[in-house]
$ cat data-v3.tsv   # TSV, C-alpha atoms
chain	number	residue	atom	x	y	z
A	11	MET	CA	165.95	69.03	123.68
A	12	ASP	CA	162.50	70.14	122.52
A	13	GLU	CA	159.90	67.45	123.03
A	14	VAL	CA	159.00	67.29	119.32
A	15	ASP	CA	162.52	67.14	117.89
A	16	PHE	CA	162.24	63.37	117.33
A	17	VAL	CA	158.90	63.51	115.47
A	18	ASN	CA	160.32	63.91	111.97
A	19	ALA	CA	162.55	60.85	112.39
A	20	ALA	CA	159.67	58.88	113.93
A	21	GLN	CA	157.59	59.56	110.80
A	22	GLY	CA	160.32	58.26	108.53
A	23	GLY	CA	162.23	61.49	107.99
A	24	ALA	CA	160.85	63.09	104.85
A	25	ASP	CA	163.80	65.49	105.03
A	26	ASN	CA	166.85	65.75	107.30
A	27	THR	CA	165.30	68.05	109.89
A	28	MET	CA	166.68	66.90	113.28
A	29	ILE	CA	168.39	63.89	111.64
A	30	TYR	CA	172.16	63.83	111.92
A	31	MET	CA	172.87	60.37	110.45
A	32	ARG	CA	170.99	57.71	108.50
A	33	LEU	CA	171.64	54.10	107.58
A	34	GLY	CA	170.01	54.04	104.19
A	35	PRO	CA	166.52	55.50	104.78
A	36	VAL	CA	166.55	54.69	108.51
A	37	PRO	CA	167.41	57.56	110.93
A	38	ILE	CA	170.23	56.47	113.29
A	39	LEU	CA	171.29	59.67	115.10
A	40	LEU	CA	169.15	62.74	115.74
A	41	MET	CA	172.17	64.68	117.00
A	42	PRO	CA	175.87	63.73	117.24
A	43	TYR	CA	175.24	62.52	120.82
A	44	LEU	CA	171.58	61.42	120.55
A	45	GLY	CA	170.40	58.18	118.99
A	46	ALA	CA	167.07	57.65	117.25
A	47	LEU	CA	165.81	55.08	119.79
A	48	LYS	CA	162.94	57.29	120.94
A	49	ALA	CA	161.92	57.87	117.32
A	50	TRP	CA	161.90	54.10	116.74
A	51	VAL	CA	159.76	53.50	119.83
A	52	TRP	CA	157.22	56.19	118.90
A	53	ALA	CA	157.11	55.38	115.15
A	54	PRO	CA	154.42	52.65	115.36
A	55	ILE	CA	152.38	54.83	117.76
A	56	PHE	CA	152.37	57.70	115.25
A	57	ARG	CA	151.61	55.31	112.39
A	58	VAL	CA	148.50	53.97	114.13
A	59	PHE	CA	147.22	57.01	116.06
A	60	GLY	CA	148.81	59.98	114.28
A	61	VAL	CA	150.84	62.80	115.78
A	62	SER	CA	149.23	64.82	118.55
A	63	ALA	CA	149.98	66.14	122.02
A	64	LEU	CA	148.39	62.96	123.39
A	65	THR	CA	150.48	60.51	121.33
A	66	ILE	CA	153.66	62.47	122.07
A	67	ARG	CA	153.16	62.77	125.83
A	68	LEU	CA	151.02	59.83	126.97
A	69	PRO	CA	153.62	57.15	126.05
A	70	ALA	CA	156.24	59.12	128.00
A	71	VAL	CA	153.95	59.29	131.03
A	72	LEU	CA	153.26	55.54	130.81
A	73	LEU	CA	156.99	54.76	130.55
A	74	ALA	CA	157.61	56.93	133.61
A	75	ALA	CA	154.92	54.99	135.49
A	76	LEU	CA	156.54	51.72	134.38
A	77	THR	CA	159.85	53.05	135.73
A	78	LEU	CA	158.27	53.58	139.16
A	79	LEU	CA	156.90	50.03	139.07
A	80	ILE	CA	160.38	48.68	138.25
A	81	PHE	CA	161.89	50.64	141.15
A	82	TYR	CA	159.25	49.12	143.43
A	83	VAL	CA	160.17	45.61	142.26
A	84	ALA	CA	163.87	46.43	142.74
A	85	MET	CA	163.31	47.33	146.41
A	86	ARG	CA	160.49	44.97	147.38
A	87	ASP	CA	162.52	41.83	148.08
A	88	THR	CA	165.21	43.58	150.11
A	89	LEU	CA	163.36	46.41	151.88
A	90	GLY	CA	159.91	44.84	152.11
A	91	ARG	CA	156.64	45.94	150.53
A	92	LEU	CA	155.90	48.81	152.95
A	93	TRP	CA	159.30	50.46	152.64
A	94	ALA	CA	159.36	49.99	148.87
A	95	ALA	CA	155.85	51.40	148.45
A	96	THR	CA	156.70	54.43	150.62
A	97	VAL	CA	159.78	55.27	148.54
A	98	VAL	CA	157.87	54.89	145.28
A	99	TRP	CA	155.03	57.13	146.49
A	100	ILE	CA	157.58	59.83	147.36
A	101	MET	CA	159.09	59.48	143.88
A	102	ALA	CA	155.65	59.50	142.21
A	103	VAL	CA	154.82	63.02	143.44
A	104	ASP	CA	158.34	64.40	143.03
A	105	PRO	CA	158.29	67.28	140.50
A	106	ALA	CA	161.91	66.52	139.61
A	107	ASN	CA	160.58	63.27	138.15
A	108	LEU	CA	156.98	64.09	137.27
A	109	PHE	CA	157.27	67.15	135.03
A	110	PRO	CA	160.41	66.28	133.04
A	111	SER	CA	158.75	62.91	132.36
A	112	ARG	CA	155.55	64.53	131.12
A	113	LEU	CA	157.54	66.62	128.65
A	114	ASP	CA	160.37	64.08	128.33
A	115	TRP	CA	162.57	67.12	128.65
A	116	GLY	CA	166.21	66.30	128.16
A	117	PRO	CA	165.17	63.61	127.17
A	118	THR	CA	165.07	61.61	130.40
A	119	VAL	CA	162.24	59.06	130.26
A	120	LEU	CA	164.10	56.22	128.52
A	121	MET	CA	167.23	57.03	130.52
A	122	HIS	CA	165.39	56.53	133.83
A	123	LEU	CA	163.66	53.41	132.50
A	124	PHE	CA	166.98	51.73	131.65
A	125	GLN	CA	168.52	52.94	134.92
A	126	ALA	CA	165.68	51.37	136.92
A	127	ALA	CA	165.86	48.13	134.91
A	128	ILE	CA	169.62	47.84	135.50
A	129	LEU	CA	169.29	48.29	139.26
A	130	ALA	CA	166.30	45.94	139.50
A	131	LEU	CA	168.07	43.24	137.51
A	132	TRP	CA	171.22	43.55	139.59
A	133	PHE	CA	169.44	43.43	142.95
A	134	SER	CA	167.43	40.44	141.67
A	135	ASN	CA	170.66	38.76	140.59
A	136	ARG	CA	171.98	39.22	144.13
A	137	GLU	CA	168.96	37.30	145.43
A	138	LYS	CA	169.23	34.55	142.81
A	139	ALA	CA	172.08	34.54	140.27
A	140	GLU	CA	170.97	33.69	136.73
A	141	LEU	CA	172.82	34.30	133.46
A	142	TRP	CA	169.93	36.06	131.71
A	143	LYS	CA	169.96	38.93	134.23
A	144	PRO	CA	173.52	40.18	133.50
A	145	ALA	CA	172.75	39.64	129.80
A	146	LEU	CA	169.74	41.97	130.06
A	147	ILE	CA	171.85	44.48	131.99
A	148	LEU	CA	174.32	44.58	129.08
A	149	ILE	CA	171.42	45.11	126.66
A	150	CYS	CA	170.15	48.00	128.83
A	151	PHE	CA	173.67	49.44	128.79
A	152	ALA	CA	173.71	49.36	124.98
A	153	LEU	CA	170.20	50.77	124.56
A	154	GLY	CA	170.78	53.51	127.14
A	155	PHE	CA	174.02	54.58	125.46
A	156	PHE	CA	172.42	54.53	122.02
A	157	ASP	CA	169.53	56.62	123.35
A	158	LYS	CA	171.96	59.25	124.61
A	159	PHE	CA	175.72	58.94	124.80
A	160	ASN	CA	176.05	60.42	128.28
A	161	PHE	CA	174.42	57.24	129.59
A	162	ILE	CA	178.05	56.12	129.78
A	163	TRP	CA	178.12	57.97	133.14
A	164	ILE	CA	175.67	55.42	134.56
A	165	VAL	CA	177.45	52.49	132.92
A	166	SER	CA	180.92	53.38	134.24
A	167	SER	CA	179.60	54.22	137.73
A	168	PHE	CA	177.66	50.97	137.90
A	169	VAL	CA	180.68	48.89	136.84
A	170	VAL	CA	182.94	50.55	139.42
A	171	GLY	CA	180.31	50.05	142.13
A	172	VAL	CA	179.86	46.37	141.30
A	173	LEU	CA	183.62	45.74	141.34
A	174	LEU	CA	183.98	47.45	144.73
A	175	PHE	CA	180.93	46.13	146.59
A	176	TYR	CA	180.01	42.84	144.90
A	177	PRO	CA	183.21	41.02	143.85
A	178	ASP	CA	181.65	37.76	145.06
A	179	SER	CA	178.88	38.13	142.46
A	180	ILE	CA	181.46	38.64	139.70
A	181	ARG	CA	183.31	35.46	140.73
A	182	ALA	CA	180.05	33.51	140.96
A	183	LEU	CA	178.95	34.76	137.55
A	184	TRP	CA	182.29	33.76	136.02
A	185	ARG	CA	181.98	30.23	137.47
A	186	LEU	CA	178.35	29.99	136.33
A	187	CYS	CA	179.17	30.72	132.68
A	188	PRO	CA	180.32	27.97	130.30
A	189	ARG	CA	183.81	28.66	128.92
A	190	PHE	CA	182.49	29.58	125.46
A	191	ILE	CA	180.05	32.11	126.95
A	192	ARG	CA	182.81	33.61	129.11
A	193	TRP	CA	185.07	34.42	126.20
A	194	LEU	CA	182.21	35.48	123.95
A	195	ALA	CA	181.11	37.93	126.66
A	196	VAL	CA	184.67	39.26	127.05
A	197	ILE	CA	184.98	39.80	123.28
A	198	LEU	CA	181.58	41.54	123.05
A	199	ILE	CA	182.38	43.76	126.04
A	200	LEU	CA	185.73	44.76	124.51
A	201	ILE	CA	184.06	45.53	121.16
A	202	GLY	CA	181.42	47.61	122.96
A	203	LEU	CA	184.11	49.42	124.98
A	204	PHE	CA	186.18	50.35	121.91
A	205	ALA	CA	183.06	51.41	119.97
A	206	THR	CA	181.98	53.59	122.90
A	207	LEU	CA	185.40	55.23	123.20
A	208	TYR	CA	185.46	55.85	119.44
A	209	LEU	CA	182.05	57.52	119.45
A	210	ILE	CA	182.94	59.67	122.45
A	211	LEU	CA	186.20	60.72	120.79
A	212	LEU	CA	184.29	61.75	117.66
A	213	LEU	CA	181.91	63.74	119.85
A	214	LEU	CA	184.78	65.55	121.60
A	215	LEU	CA	186.38	66.39	118.23
A	216	HIS	CA	183.02	67.57	116.87
A	217	PHE	CA	182.23	70.08	119.63
A	218	ARG	CA	185.75	71.28	120.62
A	219	PRO	CA	184.89	72.82	124.02
A	220	ILE	CA	186.08	76.31	124.94
A	221	LYS	CA	186.05	75.56	128.68
A	222	THR	CA	186.05	72.25	130.52
A	223	HIS	CA	183.77	72.91	133.51
A	224	ILE	CA	181.66	75.52	135.29
A	225	GLY	CA	183.03	74.98	138.80
A	226	LEU	CA	182.03	72.67	141.62
A	227	PRO	CA	179.93	75.24	143.57
A	228	LEU	CA	177.75	75.84	140.52
A	229	MET	CA	177.60	72.10	139.83
A	230	TRP	CA	176.45	71.46	143.40
A	231	ALA	CA	173.84	74.20	143.14
A	232	GLY	CA	172.69	72.74	139.82
A	233	LEU	CA	172.30	69.30	141.40
A	234	LEU	CA	170.22	70.66	144.30
A	235	ASN	CA	168.07	72.74	141.94
A	236	THR	CA	167.46	69.75	139.70
A	237	LEU	CA	166.55	67.26	142.42
A	238	SER	CA	164.30	69.77	144.19
A	239	GLY	CA	162.41	70.58	140.98
A	240	ARG	CA	163.49	74.25	140.91
A	241	ALA	CA	165.52	73.86	137.70
A	242	VAL	CA	162.60	72.63	135.60
A	243	ALA	CA	160.33	75.32	137.10
A	244	LEU	CA	162.89	77.95	136.12
A	245	PHE	CA	163.04	76.54	132.60
A	246	ILE	CA	159.27	76.35	132.10
A	247	PHE	CA	158.05	79.40	134.03
A	248	GLY	CA	161.10	81.63	134.36
A	249	ASP	CA	161.01	81.62	138.18
A	250	ALA	CA	160.70	79.12	141.03
A	251	LYS	CA	159.88	81.34	144.01
A	252	GLU	CA	157.30	79.02	145.57
A	253	ILE	CA	159.30	75.80	145.23
A	254	ILE	CA	160.65	74.46	148.55
A	255	PRO	CA	164.27	73.49	147.81
A	256	VAL	CA	165.64	72.41	151.21
A	257	ALA	CA	164.50	68.77	151.24
A	258	THR	CA	167.09	67.65	148.68
A	259	PHE	CA	169.97	69.19	150.61
A	260	TRP	CA	168.95	67.54	153.87
A	261	LEU	CA	168.29	64.23	152.15
A	262	ILE	CA	171.87	64.13	150.85
A	263	ILE	CA	173.26	65.24	154.23
A	264	SER	CA	171.20	62.51	155.92
A	265	ASP	CA	172.63	59.96	153.49
A	266	PHE	CA	176.16	60.74	154.61
A	267	TYR	CA	175.27	60.62	158.30
A	268	LEU	CA	173.53	57.28	157.78
A	269	ALA	CA	176.59	56.03	155.89
A	270	LEU	CA	178.85	57.04	158.79
A	271	ALA	CA	176.53	55.31	161.25
A	272	CYS	CA	176.63	52.15	159.14
A	273	VAL	CA	180.44	52.21	159.01
A	274	PHE	CA	180.71	52.34	162.80
A	275	SER	CA	177.93	49.86	163.60
A	276	PRO	CA	178.67	46.40	162.21
A	277	ALA	CA	175.64	44.50	160.94
A	278	SER	CA	175.03	40.99	162.28
A	279	SER	CA	172.10	40.09	160.02
A	280	PRO	CA	172.81	38.97	156.41
A	281	ARG	CA	169.82	40.99	155.18
A	282	ALA	CA	171.06	44.12	156.98
A	283	ARG	CA	174.51	43.66	155.45
A	284	GLU	CA	172.96	43.30	152.00
A	285	ASN	CA	170.85	46.46	152.42
A	286	ARG	CA	173.96	48.26	153.64
A	287	LYS	CA	175.83	47.24	150.51
A	288	HIS	CA	172.94	48.42	148.34
A	289	GLY	CA	172.89	51.77	150.14
A	290	PHE	CA	176.61	52.37	149.70
A	291	PHE	CA	176.31	51.18	146.11
A	292	CYS	CA	173.60	53.77	145.30
A	293	LEU	CA	175.60	56.50	147.06
A	294	LEU	CA	178.74	55.67	145.09
A	295	ILE	CA	176.91	55.58	141.76
A	296	GLY	CA	175.35	59.00	142.44
A	297	PHE	CA	178.71	60.45	143.51
A	298	LEU	CA	180.56	59.08	140.47
A	299	ILE	CA	177.89	60.36	138.08
A	300	PHE	CA	178.21	63.81	139.68
A	301	VAL	CA	182.01	63.73	139.32
A	302	GLN	CA	181.73	62.75	135.65
A	303	ILE	CA	179.26	65.55	134.99
A	304	ALA	CA	181.64	67.99	136.70
A	305	ILE	CA	184.62	67.02	134.51
A	306	THR	CA	182.74	66.63	131.21
A	307	PRO	CA	182.79	69.56	128.78
A	308	TRP	CA	179.40	71.24	128.25
A	309	ALA	CA	177.76	69.20	131.02
A	310	GLY	CA	175.99	70.57	134.09
A	311	GLY	CA	172.42	71.19	132.97
A	312	PRO	CA	169.33	69.85	134.77
A	313	HIS	CA	168.86	67.21	132.06
A	314	HIS	CA	172.29	65.87	133.09
A	315	HIS	CA	171.86	66.09	136.87
A	316	SER	CA	168.48	64.34	136.61
A	317	MET	CA	170.47	61.15	135.96
A	318	ILE	CA	171.27	61.12	139.70
A	319	PHE	CA	167.54	60.92	140.56
A	320	PRO	CA	166.45	58.93	142.62
A	321	LEU	CA	169.78	57.55	143.91
A	322	PRO	CA	169.93	59.73	147.10
A	323	LEU	CA	166.44	58.54	148.09
A	324	LEU	CA	167.31	54.89	147.37
A	325	ALA	CA	170.51	55.18	149.42
A	326	PHE	CA	168.54	56.68	152.32
A	327	ALA	CA	166.01	53.83	152.25
A	328	PHE	CA	168.59	51.03	152.11
A	329	LEU	CA	170.87	52.50	154.78
A	330	ALA	CA	167.98	53.39	157.10
A	331	LYS	CA	166.48	49.89	156.78
A	332	SER	CA	169.88	48.34	157.54
A	333	LEU	CA	170.26	50.40	160.72
A	334	TYR	CA	166.64	49.81	161.72
A	335	ALA	CA	167.16	46.04	161.52
A	336	GLN	CA	170.01	46.31	164.06
A	337	LEU	CA	167.97	48.00	166.78
A	338	ALA	CA	167.77	45.62	169.71
A	339	THR	CA	164.78	46.89	171.72
A	340	LYS	CA	161.18	47.60	170.86
A	341	ASN	CA	161.41	51.14	172.25
A	342	LEU	CA	164.33	51.98	169.94
A	343	GLN	CA	162.45	50.49	167.00
A	344	ARG	CA	159.35	52.55	167.80
A	345	PHE	CA	161.48	55.70	168.00
A	346	ALA	CA	163.13	54.86	164.67
A	347	VAL	CA	159.73	54.25	163.05
A	348	LEU	CA	158.54	57.63	164.35
A	349	LEU	CA	161.68	59.41	163.11
A	350	LEU	CA	161.77	57.75	159.69
A	351	GLY	CA	158.01	58.06	159.29
A	352	ASP	CA	158.19	61.79	159.96
A	353	ALA	CA	161.00	62.12	157.40
A	354	ALA	CA	158.97	60.22	154.79
A	355	VAL	CA	155.86	62.33	155.47
A	356	CYS	CA	157.87	65.55	155.21
A	357	LEU	CA	159.40	64.50	151.88
A	358	PHE	CA	156.02	63.42	150.55
A	359	PHE	CA	154.22	66.66	151.43
A	360	ILE	CA	157.08	68.88	150.25
A	361	ASN	CA	156.91	67.07	146.92
A	362	VAL	CA	153.11	67.45	146.88
A	363	ASN	CA	153.49	71.18	147.56
A	364	ASN	CA	156.07	71.63	144.82
A	365	THR	CA	153.94	69.64	142.38
A	366	ALA	CA	150.91	71.77	143.29
A	367	VAL	CA	152.97	74.88	142.56
A	368	TYR	CA	153.64	73.54	139.07
A	369	LEU	CA	149.99	72.70	138.48
A	370	SER	CA	148.84	76.10	139.68
A	371	ARG	CA	151.10	77.75	137.11
A	372	LEU	CA	149.83	75.69	134.16
A	373	ARG	CA	146.99	78.11	133.46
A	374	TRP	CA	146.47	80.76	130.86
A	375	ASP	CA	146.59	83.74	133.18
A	376	SER	CA	149.07	86.36	134.36
A	377	HIS	CA	151.11	83.74	136.26
A	378	TYR	CA	152.03	81.63	133.25
A	379	GLN	CA	153.28	82.67	129.83
A	380	ALA	CA	153.96	79.91	127.31
A	381	ARG	CA	157.57	79.92	126.14
A	382	SER	CA	158.27	79.66	122.45
A	383	MET	CA	160.37	76.67	121.45
A	384	ASN	CA	162.37	79.03	119.26
A	385	THR	CA	163.53	81.01	122.30
A	386	ALA	CA	163.97	78.13	124.76
A	387	PRO	CA	167.59	77.28	125.52
A	388	ARG	CA	169.00	74.34	123.64
A	389	CYS	CA	170.28	71.26	125.46
A	390	LYS	CA	173.92	70.42	125.24
A	391	PRO	CA	175.18	66.84	125.06
$ encode --input "data-v3.tsv" --output "structure tokens"
Amino acid sequence: MDEVDFVNAAQGGADNTMIYMRLGPVPILLMPYLGALKAWVWAPIFRVFGVSALTIRLPAVLLAALTLLIFYVAMRDTLGRLWAATVVWIMAVDPANLFPSRLDWGPTVLMHLFQAAILALWFSNREKAELWKPALILICFALGFFDKFNFIWIVSSFVVGVLLFYPDSIRALWRLCPRFIRWLAVILILIGLFATLYLILLLLLHFRPIKTHIGLPLMWAGLLNTLSGRAVALFIFGDAKEIIPVATFWLIISDFYLALACVFSPASSPRARENRKHGFFCLLIGFLIFVQIAITPWAGGPHHHSMIFPLPLLAFAFLAKSLYAQLATKNLQRFAVLLLGDAAVCLFFINVNNTAVYLSRLRWDSHYQARSMNTAPRCKP
């Protein structure tokens, strides 16, 4: 999606350019699969400050920064401040996050904001169960889906992960709720489920896909290209020769080796067991999102795979911290700190290099030619 496609709706929609559905004068859908939430958020900004490159992009950058802060809060209580800060610094210089956020290409900024809020609220609820936290999670589900219908991939993956790894939290939540609230929640969830299925069915009937998928090898390559930043570089500049792509592959491979190590080394500490659960939870969510992208018609673009960011990094941090807590001797702990520190430094500087490559290309010279929005490829749902 072009970064200015929402501007007409945000200004009230003088005509129906990029407005698919209205409720009276109010724009509701920009496309059959894209709600007008972003237009609603930006409308007061445009009313006060006008429409410019600054008012279009600065709010997106600030929301992306808020997302990083939320991820830090989500990890701080379980991983500790140092581990959480390290992960967030790696994310902050990651071109797979930085440049799509600047352009809100996809769009992805609100999607990542709601994703971070959902994870932070859930991890906080694990520390101290309170009714308002699941309630806010349901609100984030609704807003994320309204923003873009494929947010259902996150919702369904999250629900499956919670049922598999945290059944005790579900039972505790059920006991915590008064009977009236229980049944009201069940009714609202069923209404939301049927409304979601109805909207998705309309979407499938609207687009009538010619083919159902592009093949797992291409999907896997698309995931690696997206998380390494190559995909956005290809879109913006037409090539990504100087981007280092290997870190993403080895991060995912490391996740699976850490997961195997966790399976065969039982955790004695409650905190280590909790971090282990969180690590497996993040891995499962990322895997289920990837599977849903693979089986969904038209899906497979970088704006879809970016939904998996930063789940592999979160899984690595939680699983590594769980294993680190089980090391019995100081020498083993020092070796683990050296190994994990080297991995973090490598990821950080690879991301810095790839970000520097982007910045070096954003110049009006022979290395960078601005692409017309009329010739840029259109995003699919």
$ closest_residue --input "data-v3.tsv" --among "A:Gly154, A:Pro35, A:Gly90, A:Pro255" --to "Leu47 in chain A" --atoms "all atoms listed in the file"
A:Gly154
$ closest_residue --input "data-v3.tsv" --among "A:Phe190, A:Phe16, A:Tyr82, A:Phe266" --to "Asp157 in chain A" --atoms "only C-alpha atoms"
A:Phe16
$ closest_residue --input "data-v3.tsv" --among "A:Phe204, A:Phe133, A:Phe59, A:Phe124" --to "Ile149 in chain A" --atoms "only C-alpha atoms"
A:Phe124
$ closest_residue --input "data-v3.tsv" --among "A:Phe345, A:Tyr43, A:Tyr176, A:Phe300" --to "His288 in chain A" --atoms "only C-alpha atoms"
A:Tyr176
$ closest_residue --input "data-v3.tsv" --among "A:Ala70, A:Leu342, A:Leu237, A:Met31" --to "His313 in chain A" --atoms "only C-alpha atoms"
A:Leu237
$ build_atoms --input "data-v3.tsv" --residues "range 190-210 of chain A" --atoms "N, CA and C atoms" --output "mmCIF file, keeping the file's coordinate frame"
data_model
loop_
_atom_site.group_PDB
_atom_site.id
_atom_site.type_symbol
_atom_site.label_atom_id
_atom_site.label_comp_id
_atom_site.auth_asym_id
_atom_site.auth_seq_id
_atom_site.Cartn_x
_atom_site.Cartn_y
_atom_site.Cartn_z
ATOM 1 N N PHE A 190 182.768 28.872 126.708
ATOM 2 C CA PHE A 190 182.490 29.580 125.460
ATOM 3 C C PHE A 190 181.784 30.906 125.724
ATOM 4 N N ILE A 191 180.793 30.902 126.631
ATOM 5 C CA ILE A 191 180.050 32.110 126.950
ATOM 6 C C ILE A 191 180.958 33.149 127.611
ATOM 7 N N ARG A 192 181.887 32.679 128.459
ATOM 8 C CA ARG A 192 182.810 33.610 129.110
ATOM 9 C C ARG A 192 183.589 34.432 128.082
ATOM 10 N N TRP A 193 184.220 33.716 127.157
ATOM 11 C CA TRP A 193 185.070 34.420 126.200
ATOM 12 C C TRP A 193 184.269 35.204 125.181
ATOM 13 N N LEU A 194 183.086 34.707 124.828
ATOM 14 C CA LEU A 194 182.210 35.480 123.950
ATOM 15 C C LEU A 194 181.815 36.787 124.619
ATOM 16 N N ALA A 195 181.479 36.719 125.918
ATOM 17 C CA ALA A 195 181.110 37.930 126.660
ATOM 18 C C ALA A 195 182.281 38.896 126.728
ATOM 19 N N VAL A 196 183.490 38.389 126.980
ATOM 20 C CA VAL A 196 184.670 39.260 127.050
ATOM 21 C C VAL A 196 184.888 39.963 125.712
ATOM 22 N N ILE A 197 184.774 39.202 124.611
ATOM 23 C CA ILE A 197 184.980 39.800 123.280
ATOM 24 C C ILE A 197 183.927 40.869 123.002
ATOM 25 N N LEU A 198 182.652 40.574 123.298
ATOM 26 C CA LEU A 198 181.580 41.540 123.050
ATOM 27 C C LEU A 198 181.745 42.796 123.904
ATOM 28 N N ILE A 199 182.160 42.608 125.161
ATOM 29 C CA ILE A 199 182.380 43.760 126.040
ATOM 30 C C ILE A 199 183.514 44.625 125.521
ATOM 31 N N LEU A 200 184.604 43.993 125.050
ATOM 32 C CA LEU A 200 185.730 44.760 124.510
ATOM 33 C C LEU A 200 185.327 45.505 123.242
ATOM 34 N N ILE A 201 184.537 44.850 122.377
ATOM 35 C CA ILE A 201 184.060 45.530 121.160
ATOM 36 C C ILE A 201 183.192 46.724 121.538
ATOM 37 N N GLY A 202 182.275 46.510 122.507
ATOM 38 C CA GLY A 202 181.420 47.610 122.960
ATOM 39 C C GLY A 202 182.225 48.743 123.572
ATOM 40 N N LEU A 203 183.278 48.396 124.343
ATOM 41 C CA LEU A 203 184.110 49.420 124.980
ATOM 42 C C LEU A 203 184.826 50.260 123.938
ATOM 43 N N PHE A 204 185.446 49.607 122.937
ATOM 44 C CA PHE A 204 186.180 50.350 121.910
ATOM 45 C C PHE A 204 185.222 51.192 121.049
ATOM 46 N N ALA A 205 184.036 50.644 120.737
ATOM 47 C CA ALA A 205 183.060 51.410 119.970
ATOM 48 C C ALA A 205 182.597 52.641 120.741
ATOM 49 N N THR A 206 182.390 52.473 122.057
ATOM 50 C CA THR A 206 181.980 53.590 122.900
ATOM 51 C C THR A 206 183.051 54.671 122.943
ATOM 52 N N LEU A 207 184.295 54.263 123.160
ATOM 53 C CA LEU A 207 185.400 55.230 123.200
ATOM 54 C C LEU A 207 185.549 55.951 121.870
ATOM 55 N N TYR A 208 185.355 55.233 120.773
ATOM 56 C CA TYR A 208 185.460 55.850 119.440
ATOM 57 C C TYR A 208 184.380 56.909 119.237
ATOM 58 N N LEU A 209 183.146 56.575 119.613
ATOM 59 C CA LEU A 209 182.050 57.520 119.450
ATOM 60 C C LEU A 209 182.232 58.753 120.322
ATOM 61 N N ILE A 210 182.706 58.541 121.562
ATOM 62 C CA ILE A 210 182.940 59.670 122.450
ATOM 63 C C ILE A 210 184.057 60.552 121.925
#
